[in-house]
Amino acid sequence: MRFSSLLSAGLLAVACLFVAGCDAEPGLDEPTGSPPLLSDFELTPQQVLFDSLPENQRDGDTAIVEYRVTLQARDADADIDTVAYLINSPFEQGGPIARGELQLMGRVYTGGGTLRLPKSDTGLYTVIAYAVDSEGQLSNQVRGLIEFSAEAGAAPVIESVEAPETVTRPASGQTTRFRIVATVSDADGLRNILRVVLRTAGGTELAMLDDGGVGSNSGDETANDGRYTLTVEVSSENALGPNTFQFQAFDRQGLESNIVERTITIVE
């Protein structure tokens with residue numbers, strides 16, 4: 001992020017399970033039948049409010065969520081092999097947080113399990129169901145959402161901001177970079193923090209990230225440790241003098257943190 005701009009302004013995982021089945025070896029017959037067809041998808045529960053759960057469905061600040069998936073699966077060739085589901089979290093990027101197979105009970109396939117969700121991990125959890133036949137053909141997807149929420153607790157807190165007091169403007173045609181780090185806490189857990197921003201004097205907000213630098217140029221060193229980072233670039237074109245910025249955090253219940261100000265002065 002250039003300093004001048006500061007002043008002026010899945011079902012991929014499912015598909016991968018069957019890659020081997022998709023790449024037919026020479027001499028093998030291609031699938032000739034029709035793939036399974038899923039319909040009448042039902043999911044319970046669809047909404048979970050942490051604070052309304054009975055005591056036997058809470059373990060401290062963790063919700064114990066019993067869920068059930070039900071659907072119909074048809075195949076003109078009557079060769080359904082597997083009917084299964086997976087659950088994706090709004091946070092985790094490494095794959096599903098739960099998966100399982102559905103069993104035929106009468107005329108429907110059904111199954112379920114238990115999720116343990118920390119109170120801080122509010123959001124939409126996606127449930128995706130699919131089927132595979134004996135030839136390895138994949139059905140359509142059916143899906144639903146579990147909305148996990150909690151009543152507003154404590155607001156996040158900006159504990160500190162690490163930023164240089166002065167930055168030397170580089171020579172003509174050159175640039176220099178520095179990091180700004182805001183340490184943020186939340187009594188409801190770090191995952192309850194929705195976003196942290198740096199706000200310029202003109203009101204422009206820039207996101208600070210706690211992502212370990214993965215997939216961004218934030219400069220953050222360690223993901224999910226409460227240290228939100230923004231890397232700033234100063235060029236020879238930046239004006240000399242002080243620039244004051246505000247830092248603020250917001251949580252998933254809409255609560256706002258305190259505002260911390262820092263002034264960074266560009267000098268010769």
# chains A, B, ... in the order shown; residues from 1 in each chain; ligands from 1
call {"tool": "select_by_dssp", "arguments": {"residues": "segment 10-242 of chain A", "states": "strand (DSSP E or B)", "output": "JSON, numbers by chain"}}
result
{"A": [37, 38, 39, 40, 41, 42, 43, 44, 47, 48, 49, 58, 59, 62, 63, 64, 65, 66, 67, 68, 69, 70, 71, 72, 73, 74, 80, 81, 82, 83, 84, 85, 86, 87, 88, 98, 99, 100, 101, 103, 104, 105, 108, 109, 110, 111, 112, 113, 114, 115, 116, 117, 118, 123, 124, 125, 126, 127, 128, 129, 130, 131, 132, 133, 138, 142, 143, 144, 145, 146, 147, 148, 149, 157, 158, 159, 160, 161, 162, 166, 167, 168, 175, 176, 177, 178, 179, 180, 181, 182, 183, 184, 185, 193, 194, 195, 196, 197, 198, 199, 205, 206, 207, 208, 209, 227, 228, 229, 230, 231, 232, 233, 234, 235, 241, 242]}
call {"tool": "residues_around", "arguments": {"residues": "segment 108-116 of chain A", "least_positions_apart": "6", "cutoff": "7 Å", "atoms": "only C-alpha atoms", "output": "number ranges by chain"}}
result
A: 62-72, 101-102
call {"tool": "write_last_selection", "arguments": {"atoms": "N, CA and C atoms", "output": "PDB file, in the first residue's frame"}}
result
ATOM      1  N   THR A  62     -18.566 -23.098  24.230  1.00  0.00           N
ATOM      2  CA  THR A  62     -18.673 -23.900  23.007  1.00  0.00           C
ATOM      3  C   THR A  62     -20.087 -24.453  22.868  1.00  0.00           C
ATOM      4  N   ALA A  63     -20.675 -24.262  21.691  1.00  0.00           N
ATOM      5  CA  ALA A  63     -22.003 -24.804  21.409  1.00  0.00           C
ATOM      6  C   ALA A  63     -21.872 -26.231  20.901  1.00  0.00           C
ATOM      7  N   ILE A  64     -22.752 -27.096  21.372  1.00  0.00           N
ATOM      8  CA  ILE A  64     -22.814 -28.480  20.894  1.00  0.00           C
ATOM      9  C   ILE A  64     -24.044 -28.575  20.002  1.00  0.00           C
ATOM     10  N   VAL A  65     -23.831 -28.631  18.696  1.00  0.00           N
ATOM     11  CA  VAL A  65     -24.912 -28.542  17.722  1.00  0.00           C
ATOM     12  C   VAL A  65     -25.134 -29.904  17.071  1.00  0.00           C
ATOM     13  N   GLU A  66     -26.286 -30.514  17.354  1.00  0.00           N
ATOM     14  CA  GLU A  66     -26.672 -31.757  16.701  1.00  0.00           C
ATOM     15  C   GLU A  66     -27.404 -31.401  15.398  1.00  0.00           C
ATOM     16  N   TYR A  67     -26.919 -31.919  14.271  1.00  0.00           N
ATOM     17  CA  TYR A  67     -27.528 -31.592  12.980  1.00  0.00           C
ATOM     18  C   TYR A  67     -27.956 -32.875  12.264  1.00  0.00           C
ATOM     19  N   ARG A  68     -28.900 -32.711  11.335  1.00  0.00           N
ATOM     20  CA  ARG A  68     -29.366 -33.846  10.543  1.00  0.00           C
ATOM     21  C   ARG A  68     -29.618 -33.396   9.109  1.00  0.00           C
ATOM     22  N   VAL A  69     -29.194 -34.237   8.172  1.00  0.00           N
ATOM     23  CA  VAL A  69     -29.363 -33.997   6.740  1.00  0.00           C
ATOM     24  C   VAL A  69     -30.262 -35.093   6.175  1.00  0.00           C
ATOM     25  N   THR A  70     -31.277 -34.699   5.393  1.00  0.00           N
ATOM     26  CA  THR A  70     -32.183 -35.651   4.763  1.00  0.00           C
ATOM     27  C   THR A  70     -32.419 -35.238   3.314  1.00  0.00           C
ATOM     28  N   LEU A  71     -32.470 -36.201   2.407  1.00  0.00           N
ATOM     29  CA  LEU A  71     -32.703 -35.892   1.002  1.00  0.00           C
ATOM     30  C   LEU A  71     -33.189 -37.135   0.278  1.00  0.00           C
ATOM     31  N   GLN A  72     -33.622 -36.917  -0.962  1.00  0.00           N
ATOM     32  CA  GLN A  72     -33.966 -38.023  -1.838  1.00  0.00           C
ATOM     33  C   GLN A  72     -32.909 -38.142  -2.923  1.00  0.00           C
ATOM     34  N   GLU A 101     -21.500 -39.917   5.590  1.00  0.00           N
ATOM     35  CA  GLU A 101     -22.340 -40.568   4.595  1.00  0.00           C
ATOM     36  C   GLU A 101     -23.773 -40.646   5.099  1.00  0.00           C
ATOM     37  N   LEU A 102     -24.699 -40.591   4.165  1.00  0.00           N
ATOM     38  CA  LEU A 102     -26.116 -40.726   4.473  1.00  0.00           C
ATOM     39  C   LEU A 102     -26.562 -42.153   4.179  1.00  0.00           C
TER      40      LEU A 102
END
call {"tool": "residues_around", "arguments": {"residues": "Gly213 of chain A", "least_positions_apart": "3", "cutoff": "10 Å", "atoms": "only C-alpha atoms", "output": "PyMOL selection string"}}
result
chain A and resi 209-210+216-223+229-230
call {"tool": "residues_around", "arguments": {"residues": "Val196 of chain A", "least_positions_apart": "2", "cutoff": "7 Å", "atoms": "only C-alpha atoms", "output": "JSON, numbers by chain"}}
result
{"A": [207, 208, 248, 249, 250]}
call {"tool": "residues_around", "arguments": {"residues": "Glu162 of chain A", "least_positions_apart": "4", "cutoff": "10 Å", "atoms": "only C-alpha atoms", "output": "number ranges by chain"}}
result
A: 179-183, 227, 229, 262
call {"tool": "atom_distance", "arguments": {"atom1": "atom CA of Ile97 of chain A", "atom2": "atom CA of Tyr85 of chain A"}}
result
11.2 Å
call {"tool": "closest_residue", "arguments": {"among": "A:Thr32, A:Ser149, A:Glu237, A:Ala131", "to": "Gly173 of chain A", "atoms": "only C-alpha atoms"}}
result
A:Glu237
